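Asks: For reference, the file protein.cif (mmCIF, C-alpha atoms and all ligand atoms) is included below:
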```cif
data_final
loop_
_atom_site.label_atom_id
_atom_site.label_comp_id
_atom_site.auth_asym_id
_atom_site.auth_seq_id
_atom_site.Cartn_x
_atom_site.Cartn_y
_atom_site.Cartn_z
CA MET A 1 -4.50 19.42 40.57
CA GLY A 2 -2.21 16.85 39.00
CA ASP A 3 -0.32 17.23 35.73
CA ASN A 4 -2.87 15.13 33.92
CA SER A 5 -5.76 17.42 34.68
CA LEU A 6 -7.90 18.81 31.88
CA VAL A 7 -10.29 21.75 31.81
CA ILE A 8 -12.96 22.64 29.27
CA GLY A 9 -12.72 26.03 27.59
CA PHE A 10 -16.13 26.80 26.10
CA ASP A 11 -16.85 29.50 23.52
CA LEU A 12 -20.58 30.16 23.39
CA GLY A 13 -21.26 32.15 20.24
CA GLY A 14 -24.48 33.52 18.78
CA THR A 15 -24.31 31.09 15.85
CA LYS A 16 -21.95 28.31 16.95
CA MET A 17 -20.48 26.85 20.10
CA HIS A 18 -17.02 25.37 20.52
CA ALA A 19 -15.70 23.35 23.45
CA ALA A 20 -12.06 22.33 23.91
CA ALA A 21 -10.45 20.04 26.47
CA VAL A 22 -7.16 21.70 27.35
CA ASP A 23 -4.25 20.26 29.33
CA ALA A 24 -2.01 21.99 31.88
CA GLN A 25 0.44 23.07 29.13
CA GLY A 26 -2.30 24.79 27.11
CA HIS A 27 -2.59 22.08 24.46
CA VAL A 28 -5.99 21.27 23.02
CA VAL A 29 -6.43 17.53 23.56
CA HIS A 30 -9.76 17.39 21.77
CA SER A 31 -12.39 19.88 20.65
CA GLU A 32 -15.98 19.71 19.46
CA ARG A 33 -18.28 22.28 17.90
CA GLN A 34 -21.87 22.60 16.81
CA LYS A 35 -24.53 25.18 15.97
CA THR A 36 -26.00 27.23 18.81
CA VAL A 37 -29.55 27.62 17.41
CA ALA A 38 -30.34 30.60 19.63
CA THR A 39 -33.95 30.53 18.45
CA ASP A 40 -34.43 27.41 20.60
CA GLY A 41 -34.27 29.66 23.66
CA ALA A 42 -32.07 29.33 26.75
CA ASP A 43 -33.26 25.83 27.67
CA GLY A 44 -32.57 24.47 24.20
CA VAL A 45 -29.14 26.11 24.00
CA ILE A 46 -28.13 24.88 27.46
CA ASP A 47 -29.19 21.35 26.50
CA ARG A 48 -26.96 21.59 23.42
CA MET A 49 -24.07 22.89 25.54
CA ILE A 50 -24.46 19.92 27.87
CA GLY A 51 -24.67 17.56 24.90
CA LEU A 52 -21.45 19.01 23.47
CA CYS A 53 -19.59 18.61 26.79
CA VAL A 54 -20.86 15.05 27.12
CA ARG A 55 -19.66 14.25 23.61
CA LEU A 56 -16.29 15.84 24.36
CA ARG A 57 -15.95 13.79 27.52
CA HIS A 58 -16.86 10.62 25.65
CA GLU A 59 -14.28 11.32 22.92
CA LEU A 60 -11.61 11.77 25.58
CA GLY A 61 -12.06 8.13 26.63
CA PRO A 62 -10.42 7.37 29.98
CA ARG A 63 -9.00 10.91 30.07
CA GLY A 64 -12.55 12.16 30.54
CA ASP A 65 -12.03 11.42 34.22
CA ASP A 66 -9.27 14.07 34.30
CA LEU A 67 -11.72 16.93 33.64
CA ARG A 68 -11.71 19.36 36.57
CA ALA A 69 -13.59 22.52 35.55
CA LEU A 70 -15.40 24.39 32.80
CA CYS A 71 -15.27 28.07 31.87
CA VAL A 72 -17.71 29.60 29.37
CA GLY A 73 -17.02 32.72 27.32
CA VAL A 74 -20.45 34.33 26.90
CA PRO A 75 -21.35 36.94 24.23
CA GLY A 76 -22.63 39.45 26.76
CA GLY A 77 -22.45 40.55 30.37
CA VAL A 78 -22.03 37.97 33.12
CA ASP A 79 -22.06 37.93 36.90
CA ASP A 80 -19.60 35.16 37.65
CA GLU A 81 -20.13 35.31 41.41
CA ARG A 82 -23.78 34.38 40.99
CA GLY A 83 -23.08 32.27 37.91
CA MET A 84 -25.57 34.33 35.92
CA VAL A 85 -25.64 35.60 32.37
CA ASP A 86 -27.05 39.12 32.87
CA THR A 87 -27.70 39.88 29.22
CA ALA A 88 -26.64 38.28 25.96
CA PRO A 89 -28.55 40.04 23.16
CA ASN A 90 -27.25 37.73 20.40
CA LEU A 91 -28.79 34.83 22.28
CA GLY A 92 -31.84 36.74 23.50
CA TRP A 93 -30.92 35.91 27.10
CA SER A 94 -31.33 37.88 30.29
CA ASN A 95 -30.77 36.60 33.83
CA VAL A 96 -29.99 33.01 32.91
CA PRO A 97 -28.44 30.94 35.74
CA LEU A 98 -26.02 29.25 33.34
CA ALA A 99 -23.34 28.08 35.77
CA ALA A 100 -25.76 26.26 38.08
CA ARG A 101 -27.56 24.60 35.18
CA LEU A 102 -24.32 23.27 33.67
CA SER A 103 -22.67 22.40 36.97
CA LYS A 104 -25.65 20.37 38.17
CA VAL A 105 -25.54 18.05 35.16
CA LEU A 106 -21.80 17.93 34.45
CA GLY A 107 -20.62 17.80 38.06
CA LEU A 108 -17.84 20.33 37.44
CA PRO A 109 -17.20 23.82 38.81
CA VAL A 110 -18.36 26.29 36.14
CA PHE A 111 -16.97 29.82 35.66
CA LEU A 112 -18.28 32.56 33.35
CA ASP A 113 -16.67 35.52 31.61
CA ASN A 114 -17.24 37.71 28.57
CA ASP A 115 -16.24 36.07 25.28
CA VAL A 116 -14.05 38.86 23.91
CA ARG A 117 -12.21 39.30 27.19
CA VAL A 118 -11.68 35.54 27.25
CA ALA A 119 -10.29 35.57 23.69
CA VAL A 120 -7.85 38.38 24.53
CA LEU A 121 -6.67 36.41 27.56
CA GLY A 122 -6.23 33.37 25.30
CA GLU A 123 -3.98 35.32 22.93
CA HIS A 124 -2.07 36.65 25.94
CA ALA A 125 -1.59 33.25 27.56
CA TYR A 126 -0.96 31.11 24.48
CA GLY A 127 -0.90 33.25 21.32
CA VAL A 128 0.62 36.47 19.93
CA GLY A 129 0.68 38.17 23.34
CA LYS A 130 2.76 35.60 25.22
CA GLY A 131 4.88 37.39 27.81
CA ALA A 132 3.51 40.89 27.03
CA ARG A 133 3.02 43.20 30.02
CA THR A 134 0.68 45.56 28.18
CA MET A 135 -1.58 44.40 25.39
CA VAL A 136 -4.80 45.38 23.65
CA GLY A 137 -7.21 43.15 21.75
CA ILE A 138 -9.54 44.56 19.08
CA PHE A 139 -12.14 42.03 17.92
CA VAL A 140 -14.14 42.87 14.82
CA GLY A 141 -17.35 40.93 14.29
CA THR A 142 -21.00 41.92 14.33
CA GLY A 143 -19.73 44.55 16.78
CA VAL A 144 -16.28 45.71 17.84
CA GLY A 145 -15.17 44.35 21.20
CA GLY A 146 -11.99 44.59 23.12
CA GLY A 147 -9.88 43.67 26.05
CA ILE A 148 -6.97 45.33 27.79
CA ILE A 149 -4.09 43.69 29.62
CA VAL A 150 -2.00 45.87 31.92
CA GLY A 151 0.86 44.58 34.05
CA GLY A 152 0.28 41.09 32.69
CA HIS A 153 -3.33 40.97 33.93
CA ALA A 154 -6.73 41.70 32.46
CA HIS A 155 -7.69 45.30 33.26
CA HIS A 156 -11.29 45.55 34.47
CA GLY A 157 -11.46 49.07 35.89
CA GLY A 158 -13.21 50.33 38.99
CA ARG A 159 -16.72 49.32 37.94
CA GLY A 160 -15.63 46.34 35.91
CA VAL A 161 -16.63 47.83 32.58
CA ALA A 162 -13.21 48.72 31.14
CA GLY A 163 -12.30 47.79 27.59
CA GLU A 164 -15.26 49.31 25.74
CA ILE A 165 -13.04 50.26 22.86
CA GLY A 166 -15.76 49.62 20.29
CA HIS A 167 -17.64 52.63 21.64
CA MET A 168 -14.82 55.11 21.38
CA THR A 169 -16.31 58.05 19.45
CA LEU A 170 -14.44 58.78 16.23
CA LEU A 171 -17.11 60.80 14.39
CA PRO A 172 -19.43 62.69 16.78
CA HIS A 173 -21.93 63.29 13.98
CA GLY A 174 -21.40 59.93 12.30
CA PRO A 175 -23.75 56.96 11.91
CA ARG A 176 -25.87 55.88 14.86
CA CYS A 177 -24.44 53.04 16.97
CA GLY A 178 -26.36 50.24 18.67
CA CYS A 179 -25.49 51.88 22.01
CA GLY A 180 -27.43 55.03 21.06
CA LYS A 181 -24.43 57.30 20.46
CA ARG A 182 -23.14 58.38 17.06
CA GLY A 183 -19.88 57.61 15.32
CA CYS A 184 -18.55 54.86 17.61
CA VAL A 185 -15.90 52.59 16.11
CA GLU A 186 -18.52 49.85 16.12
CA ALA A 187 -20.83 51.98 13.96
CA LEU A 188 -17.99 52.61 11.51
CA ALA A 189 -15.92 49.44 11.29
CA SER A 190 -17.86 46.36 12.46
CA ARG A 191 -19.02 43.80 9.93
CA THR A 192 -22.52 45.18 10.47
CA ALA A 193 -21.31 48.69 9.61
CA MET A 194 -19.50 47.42 6.52
CA GLU A 195 -22.68 45.73 5.35
CA ARG A 196 -24.74 48.89 5.91
CA GLU A 197 -22.27 50.96 3.89
CA ALA A 198 -22.04 48.35 1.12
CA ARG A 199 -25.83 48.25 0.74
CA LYS A 200 -25.92 52.05 0.64
CA LEU A 201 -23.36 52.22 -2.18
CA ILE A 202 -25.16 49.50 -4.15
CA LYS A 203 -28.44 51.37 -3.75
CA ASN A 204 -26.69 54.45 -5.10
CA GLY A 205 -25.84 52.57 -8.27
CA TRP A 206 -22.37 51.15 -7.60
CA GLU A 207 -21.71 47.87 -9.39
CA SER A 208 -21.10 44.99 -7.01
CA ARG A 209 -21.22 41.19 -6.77
CA ILE A 210 -21.72 41.27 -2.98
CA LEU A 211 -25.50 40.66 -2.98
CA LYS A 212 -25.08 37.72 -5.35
CA LEU A 213 -22.35 36.22 -3.18
CA MET A 214 -24.54 36.62 -0.11
CA LYS A 215 -27.41 34.87 -1.83
CA LYS A 216 -25.10 32.04 -2.94
CA GLU A 217 -24.15 31.43 0.69
CA GLY A 218 -27.82 31.25 1.59
CA ARG A 219 -27.44 33.88 4.29
CA ASP A 220 -28.57 37.42 3.69
CA THR A 221 -25.62 38.95 5.51
CA LEU A 222 -22.07 40.07 4.83
CA THR A 223 -20.05 37.17 6.26
CA SER A 224 -16.25 37.07 6.43
CA SER A 225 -16.28 34.57 3.60
CA VAL A 226 -18.35 36.90 1.38
CA ILE A 227 -15.90 39.70 2.18
CA GLU A 228 -12.97 37.51 1.10
CA LYS A 229 -14.65 36.33 -2.11
CA ALA A 230 -15.66 39.88 -3.07
CA LEU A 231 -12.10 41.10 -2.51
CA ASP A 232 -10.77 38.28 -4.66
CA LEU A 233 -13.08 39.57 -7.43
CA ASP A 234 -11.71 43.11 -6.93
CA ASP A 235 -15.23 44.20 -6.08
CA GLU A 236 -15.19 47.99 -5.97
CA VAL A 237 -17.77 48.33 -3.21
CA MET A 238 -16.10 45.78 -0.98
CA THR A 239 -12.68 47.33 -1.49
CA LYS A 240 -13.94 50.81 -0.56
CA VAL A 241 -16.00 49.66 2.42
CA LEU A 242 -13.14 47.60 3.85
CA LYS A 243 -10.67 50.42 3.30
CA ASP A 244 -12.86 52.81 5.28
CA ALA A 245 -13.24 50.30 8.12
CA GLN A 246 -9.48 49.74 8.20
CA TYR A 247 -8.92 53.49 8.40
CA TYR A 248 -11.14 53.80 11.47
CA LEU A 249 -9.66 50.70 13.10
CA GLY A 250 -6.22 52.22 12.48
CA LEU A 251 -7.31 55.42 14.22
CA LEU A 252 -8.59 53.36 17.13
CA ALA A 253 -5.35 51.38 17.38
CA GLY A 254 -3.34 54.61 17.17
CA ASN A 255 -5.40 56.26 19.91
CA LEU A 256 -5.04 53.21 22.14
CA ALA A 257 -1.30 53.07 21.53
CA ASN A 258 -0.96 56.74 22.49
CA VAL A 259 -2.76 56.03 25.77
CA LEU A 260 -1.36 52.62 26.73
CA ASP A 261 1.87 52.13 24.74
CA PRO A 262 1.22 48.38 24.48
CA GLU A 263 3.74 45.83 23.25
CA VAL A 264 1.06 44.06 21.23
CA ILE A 265 -2.24 45.03 19.62
CA VAL A 266 -3.95 41.87 18.41
CA ILE A 267 -6.70 42.16 15.81
CA GLY A 268 -9.15 39.25 16.08
CA GLY A 269 -12.66 38.20 15.13
CA GLY A 270 -13.97 36.52 12.00
CA VAL A 271 -12.67 39.01 9.42
CA ALA A 272 -9.13 38.97 10.87
CA GLU A 273 -9.20 35.17 11.13
CA ARG A 274 -10.02 34.87 7.45
CA LEU A 275 -8.04 37.74 5.92
CA GLY A 276 -5.05 37.84 8.30
CA GLU A 277 -2.36 40.27 7.21
CA ARG A 278 -4.52 41.45 4.30
CA PHE A 279 -6.87 42.93 6.92
CA VAL A 280 -4.25 44.07 9.41
CA GLU A 281 -1.60 45.74 7.25
CA PRO A 282 -3.60 48.89 6.37
CA ILE A 283 -4.79 49.11 9.99
CA ARG A 284 -1.17 49.02 11.16
CA ASN A 285 -0.11 51.67 8.63
CA HIS A 286 -2.89 54.07 9.66
CA ALA A 287 -2.19 53.42 13.33
CA TYR A 288 1.54 54.15 13.00
CA LYS A 289 0.76 57.47 11.28
CA HIS A 290 -1.37 58.35 14.28
CA PHE A 291 1.33 57.61 16.88
CA LEU A 292 2.31 60.73 18.79
CA VAL A 293 5.78 59.34 19.49
CA GLN A 294 7.22 57.89 16.29
CA ARG A 295 10.42 56.55 17.87
CA ASP A 296 10.58 52.72 17.86
CA ARG A 297 6.99 52.52 16.69
CA GLU A 298 7.55 48.98 15.34
CA LYS A 299 7.97 47.91 18.96
CA VAL A 300 4.17 48.15 19.10
CA ARG A 301 3.36 44.94 17.23
CA ILE A 302 -0.01 45.22 15.51
CA VAL A 303 -0.82 41.70 14.39
CA ALA A 304 -3.64 39.36 13.39
CA THR A 305 -4.90 36.70 15.78
CA GLU A 306 -2.72 33.61 15.92
CA LEU A 307 -5.13 31.29 17.72
CA LYS A 308 -8.11 32.25 15.53
CA ASP A 309 -11.26 30.46 16.70
CA LEU A 310 -9.29 28.73 19.45
CA ALA A 311 -8.50 32.05 21.18
CA ALA A 312 -11.74 32.03 23.19
CA PRO A 313 -11.72 28.32 24.20
CA LEU A 314 -8.05 28.55 25.19
CA GLY A 315 -8.63 31.77 27.13
CA ALA A 316 -11.62 30.22 28.88
CA ALA A 317 -9.51 27.17 29.73
CA PHE A 318 -6.81 29.48 31.10
CA ILE A 319 -9.36 31.22 33.36
CA ALA A 320 -10.77 27.87 34.54
CA ARG A 321 -7.29 26.75 35.55
CA GLN A 322 -6.43 30.04 37.27
CA ARG A 323 -9.71 29.99 39.14
CA LEU A 324 -9.13 26.42 40.28
CA LEU A 325 -5.75 27.49 41.60
CA GLY A 326 -7.41 30.47 43.27
CA ARG A 327 -5.12 32.92 41.51
CA LEU A 328 -7.83 35.11 40.03
CA ASP A 329 -9.86 36.53 42.85
CA SER A 330 -13.40 37.35 41.96
CA ALA A 331 -13.27 41.13 42.03
CA PRO A 332 -16.62 42.44 40.81
CA GLY A 333 -14.71 44.06 37.98
CA ALA A 334 -13.92 40.68 36.54
CA ARG A 335 -17.47 39.93 35.75
CA HIS A 336 -19.26 42.56 33.79
CA GLY A 337 -18.80 42.50 30.08
CA THR A 338 -21.04 44.63 27.97
CA ALA A 339 -23.98 43.44 26.04
CA SER A 340 -22.90 44.83 22.69
CA TRP A 341 -19.61 42.96 22.49
CA PRO A 342 -19.36 40.74 19.41
CA VAL A 343 -18.80 37.05 19.10
CA PRO A 344 -15.10 36.72 18.33
CA SER A 345 -15.54 33.81 16.01
CA ALA A 346 -18.41 35.39 14.07
ZN ZN A 401 -21.52 52.76 20.48
#
```
Any chance you could give the structure as structure tokens?
Replies:
Amino acid sequence: MGDNSLVIGFDLGGTKMHAAAVDAQGHVVHSERQKTVATDGADGVIDRMIGLCVRLRHELGPRGDDLRALCVGVPGGVDDERGMVDTAPNLGWSNVPLAARLSKVLGLPVFLDNDVRVAVLGEHAYGVGKGARTMVGIFVGTGVGGGIIVGGHAHHGGRGVAGEIGHMTLLPHGPRCGCGKRGCVEALASRTAMEREARKLIKNGWESRILKLMKKEGRDTLTSSVIEKALDLDDEVMTKVLKDAQYYLGLLAGNLANVLDPEVIVIGGGVAERLGERFVEPIRNHAYKHFLVQRDREKVRIVATELKDLAAPLGAAFIARQRLLGRLDSAPGARHGTASWPVPSA
């Protein structure tokens, strides 16, 4: 692979898709995005993915010929060896032969991985985690997903299912989680959980502008932008709901730090992208209080995502490059994400 080579890092989200052509130094040469429209089904979405890659290639002009590979971060579980998406609930997919479908039309080798894991690798390769030996990523979106880097490499575990930090139980008798258990971090601190709590408070008579803001956006859900606008209005419900979520995310970060002693804990996903330090500071403070060893606690940097919605495309590009060089062997562990992981850019 020459110095001029480019790879495509592709972030396939439940609502939007984002493809970036990335050079050997990790610079984004050009990127394109568009809506996913999951309701079109797998065939429709794959057609749009192909269309986006074709447009990207066209925009690259003569450099389009330098494209060597494509890696897709998928919101779900993948089997990279077979090039299959096992399950992606946000897309309504199961057993979709994504790699073959893309490869056949685009004429490039296609690799698959889980989107959150890809985003954590992106932050490790090119963002806040550069050079870290041990690192944890916590991504807050419709769910809470994560990724763990140990010894400078993604940690997959024996069965390939490591990193399920969103399903760490914090309240055994707490609210029911999508996974069937109670009181998981995801059931307490995801955007979905915040929305459930906000609606509950409003139903109980708390004054709030949240529902109006949601209506104004034309989407009946608590988006990151609604969260920000409500906070700017000092909305009581939003402030309380966010504070609670930050408390639980702080507990999670503290627990993970006690186990792994990472150099960096990166907080990503839509809410962190939009609110940055405003979201992370209380999480950091709660986490530090929870550290068993208080000495040098600032050496555990708990920070917001630096790459934002480029974390996943850059991480996917990094994997594509490593795979081309044959550096990442395809241990089965590298391939199974879990269905409930969120879309980092949601
Ligand atoms: Zn759970």
Asks: Pick out the residues no farther than 12 Å from ligand ZN 401 (chain A), counting all atoms listed in the file, and list them as a PDB file with C-alpha atoms, keeping the file's coordinate frame.
Replies:
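The resulting part_15.pdb:
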```
ATOM      1  CA  GLY A 143     -19.730  44.550  16.780  1.00  0.00           C
ATOM      2  CA  VAL A 144     -16.280  45.710  17.840  1.00  0.00           C
ATOM      3  CA  GLY A 145     -15.170  44.350  21.200  1.00  0.00           C
ATOM      4  CA  GLU A 164     -15.260  49.310  25.740  1.00  0.00           C
ATOM      5  CA  ILE A 165     -13.040  50.260  22.860  1.00  0.00           C
ATOM      6  CA  GLY A 166     -15.760  49.620  20.290  1.00  0.00           C
ATOM      7  CA  HIS A 167     -17.640  52.630  21.640  1.00  0.00           C
ATOM      8  CA  MET A 168     -14.820  55.110  21.380  1.00  0.00           C
ATOM      9  CA  THR A 169     -16.310  58.050  19.450  1.00  0.00           C
ATOM     10  CA  LEU A 170     -14.440  58.780  16.230  1.00  0.00           C
ATOM     11  CA  LEU A 171     -17.110  60.800  14.390  1.00  0.00           C
ATOM     12  CA  PRO A 172     -19.430  62.690  16.780  1.00  0.00           C
ATOM     13  CA  GLY A 174     -21.400  59.930  12.300  1.00  0.00           C
ATOM     14  CA  PRO A 175     -23.750  56.960  11.910  1.00  0.00           C
ATOM     15  CA  ARG A 176     -25.870  55.880  14.860  1.00  0.00           C
ATOM     16  CA  CYS A 177     -24.440  53.040  16.970  1.00  0.00           C
ATOM     17  CA  GLY A 178     -26.360  50.240  18.670  1.00  0.00           C
ATOM     18  CA  CYS A 179     -25.490  51.880  22.010  1.00  0.00           C
ATOM     19  CA  GLY A 180     -27.430  55.030  21.060  1.00  0.00           C
ATOM     20  CA  LYS A 181     -24.430  57.300  20.460  1.00  0.00           C
ATOM     21  CA  ARG A 182     -23.140  58.380  17.060  1.00  0.00           C
ATOM     22  CA  GLY A 183     -19.880  57.610  15.320  1.00  0.00           C
ATOM     23  CA  CYS A 184     -18.550  54.860  17.610  1.00  0.00           C
ATOM     24  CA  VAL A 185     -15.900  52.590  16.110  1.00  0.00           C
ATOM     25  CA  GLU A 186     -18.520  49.850  16.120  1.00  0.00           C
ATOM     26  CA  ALA A 187     -20.830  51.980  13.960  1.00  0.00           C
ATOM     27  CA  LEU A 188     -17.990  52.610  11.510  1.00  0.00           C
ATOM     28  CA  ALA A 189     -15.920  49.440  11.290  1.00  0.00           C
ATOM     29  CA  SER A 190     -17.860  46.360  12.460  1.00  0.00           C
ATOM     30  CA  ALA A 193     -21.310  48.690   9.610  1.00  0.00           C
ATOM     31  CA  THR A 338     -21.040  44.630  27.970  1.00  0.00           C
ATOM     32  CA  ALA A 339     -23.980  43.440  26.040  1.00  0.00           C
ATOM     33  CA  SER A 340     -22.900  44.830  22.690  1.00  0.00           C
ATOM     34  CA  TRP A 341     -19.610  42.960  22.490  1.00  0.00           C
TER      35      TRP A 341
END
```
Asks: I'd like to know which of A:Arg48, A:Lys35, A:Arg209, A:His30 is closest to Gly61 in chain A, using only C-alpha atoms.
Replies: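 Once distances to Gly61 in chain A are computed over only C-alpha atoms, the minimum belongs to A:His30.
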Asks: Using 8 Å as the limit and counting only C-alpha atoms, can you tabulate each residue of range 166-276 of chain A that touches range 124-133 of chain A, with its shortest atom-to-atom distance in Å and the two atoms involved, as a Markdown table?
Replies:
```
| residue | atom | partner | partner_atom | distance |
| --- | --- | --- | --- | --- |
| A:Pro262 | CA | A:Arg133 | CA | 7.8 |
| A:Glu263 | CA | A:Ala132 | CA | 6.2 |
| A:Val264 | CA | A:Gly129 | CA | 6.3 |
| A:Val266 | CA | A:Val128 | CA | 7.2 |
```
Asks: State, in Å with one decimal place, the distance from CA of His156 in chain A to CA of Val7 in chain A.
Replies: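 Result for CA of His156 in chain A versus CA of Val7 in chain A: 24.0 Å, one decimal.
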Asks: Quick one: pull the distance between CA of Lys229 in chain A and CA of Tyr247 in chain A, Å, one decimal.
Replies: 20.9 Å
Asks: Considering all atoms listed in the file, tabulate each residue of range 109-198 of chain A that lies at most 7 Å from range 77-100 of chain A along with its nearest interatomic pair and the corresponding distance in Å to one decimal; arrange the rows by chain and ascending residue number and present them as a tab-separated table.
Replies:
```
residue	atom	partner	partner_atom	distance
A:Val110	CA	A:Ala99	CA	5.3
A:Phe111	CA	A:Asp80	CA	6.3
A:Leu112	CA	A:Asp80	CA	5.2
A:Asp113	CA	A:Val78	CA	6.1
A:Asn114	CA	A:Gly77	CA	6.2
```
Asks: Of the candidates A:Glu32, A:Asp296, A:Asp47, A:Asp115, which one gets nearest to Gly13 in chain A if we count all atoms listed in the file?
Replies: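 Among A:Glu32, A:Asp296, A:Asp47, A:Asp115, it is A:Asp115 that comes nearest to Gly13 in chain A.
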Asks: What separation in Å, quoted to one decimal, exists between CA of Ile202 in chain A and CA of Ala272 in chain A?
Replies: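 CA of Ala272 in chain A lies at a distance of 24.4 Å from CA of Ile202 in chain A.
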Asks: Select, from A:Arg33, A:Lys215, A:Lys200, A:Arg191, the residue with the minimum atom-to-atom distance to Gly269 in chain A, counting all atoms listed in the file.
Replies: A:Arg191
Asks: Using all atoms listed in the file, which residue out of A:Val37, A:Ile319, A:Leu260, A:Met135 lies closest to Met49 in chain A?
Replies: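 When distances to Met49 in chain A are compared using all atoms listed in the file, the smallest one comes from A:Val37.
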Asks: Report as a PyMOL selection string all protein, DNA and RNA residues lying within 9 Å of Ala230 in chain A, evaluated on all atoms listed in the file, omitting residues in the same chain fewer than 4 positions from it.
Replies: chain A and resi 208-210+213+225-226+234-239
Asks: I need every residue sitting at most 6 Å from the point (-10.1, 26.4, 31.6) (coordinates as in the file, all atoms listed in the file considered), written as a list in words.
Replies: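 Protein, DNA and RNA residues close to (-10.1, 26.4, 31.6): Val7, Ile8, Gly9, Leu70, Cys71, Ala316, Ala317, Phe318, Ile319, Ala320 and Arg321 of chain A.
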Asks: Can I get the selected residues back with C-alpha atoms, as a PDB file, keeping the file's coordinate frame?
Replies:
```pdb
ATOM      1  CA  VAL A   7     -10.290  21.750  31.810  1.00  0.00           C
ATOM      2  CA  ILE A   8     -12.960  22.640  29.270  1.00  0.00           C
ATOM      3  CA  GLY A   9     -12.720  26.030  27.590  1.00  0.00           C
ATOM      4  CA  LEU A  70     -15.400  24.390  32.800  1.00  0.00           C
ATOM      5  CA  CYS A  71     -15.270  28.070  31.870  1.00  0.00           C
ATOM      6  CA  ALA A 316     -11.620  30.220  28.880  1.00  0.00           C
ATOM      7  CA  ALA A 317      -9.510  27.170  29.730  1.00  0.00           C
ATOM      8  CA  PHE A 318      -6.810  29.480  31.100  1.00  0.00           C
ATOM      9  CA  ILE A 319      -9.360  31.220  33.360  1.00  0.00           C
ATOM     10  CA  ALA A 320     -10.770  27.870  34.540  1.00  0.00           C
ATOM     11  CA  ARG A 321      -7.290  26.750  35.550  1.00  0.00           C
TER      12      ARG A 321
END
```
Asks: Can you work out which one of A:Val140, A:Ala287, A:Leu314, A:Ile148 has the shortest atom-to-atom distance to Gln25 in chain A, counting all atoms listed in the file?
Replies: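 That would be A:Leu314, the residue with the smallest distance to Gln25 in chain A.
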Asks: Compare A:Leu292, A:Ile46, A:Leu60, A:Ala245 by their minimum atom-to-atom distance to Met194 in chain A, counting all atoms listed in the file, and give me the closest one.
Replies: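 Looking only at the distances to Met194 in chain A, the closest residue turns out to be A:Ala245.
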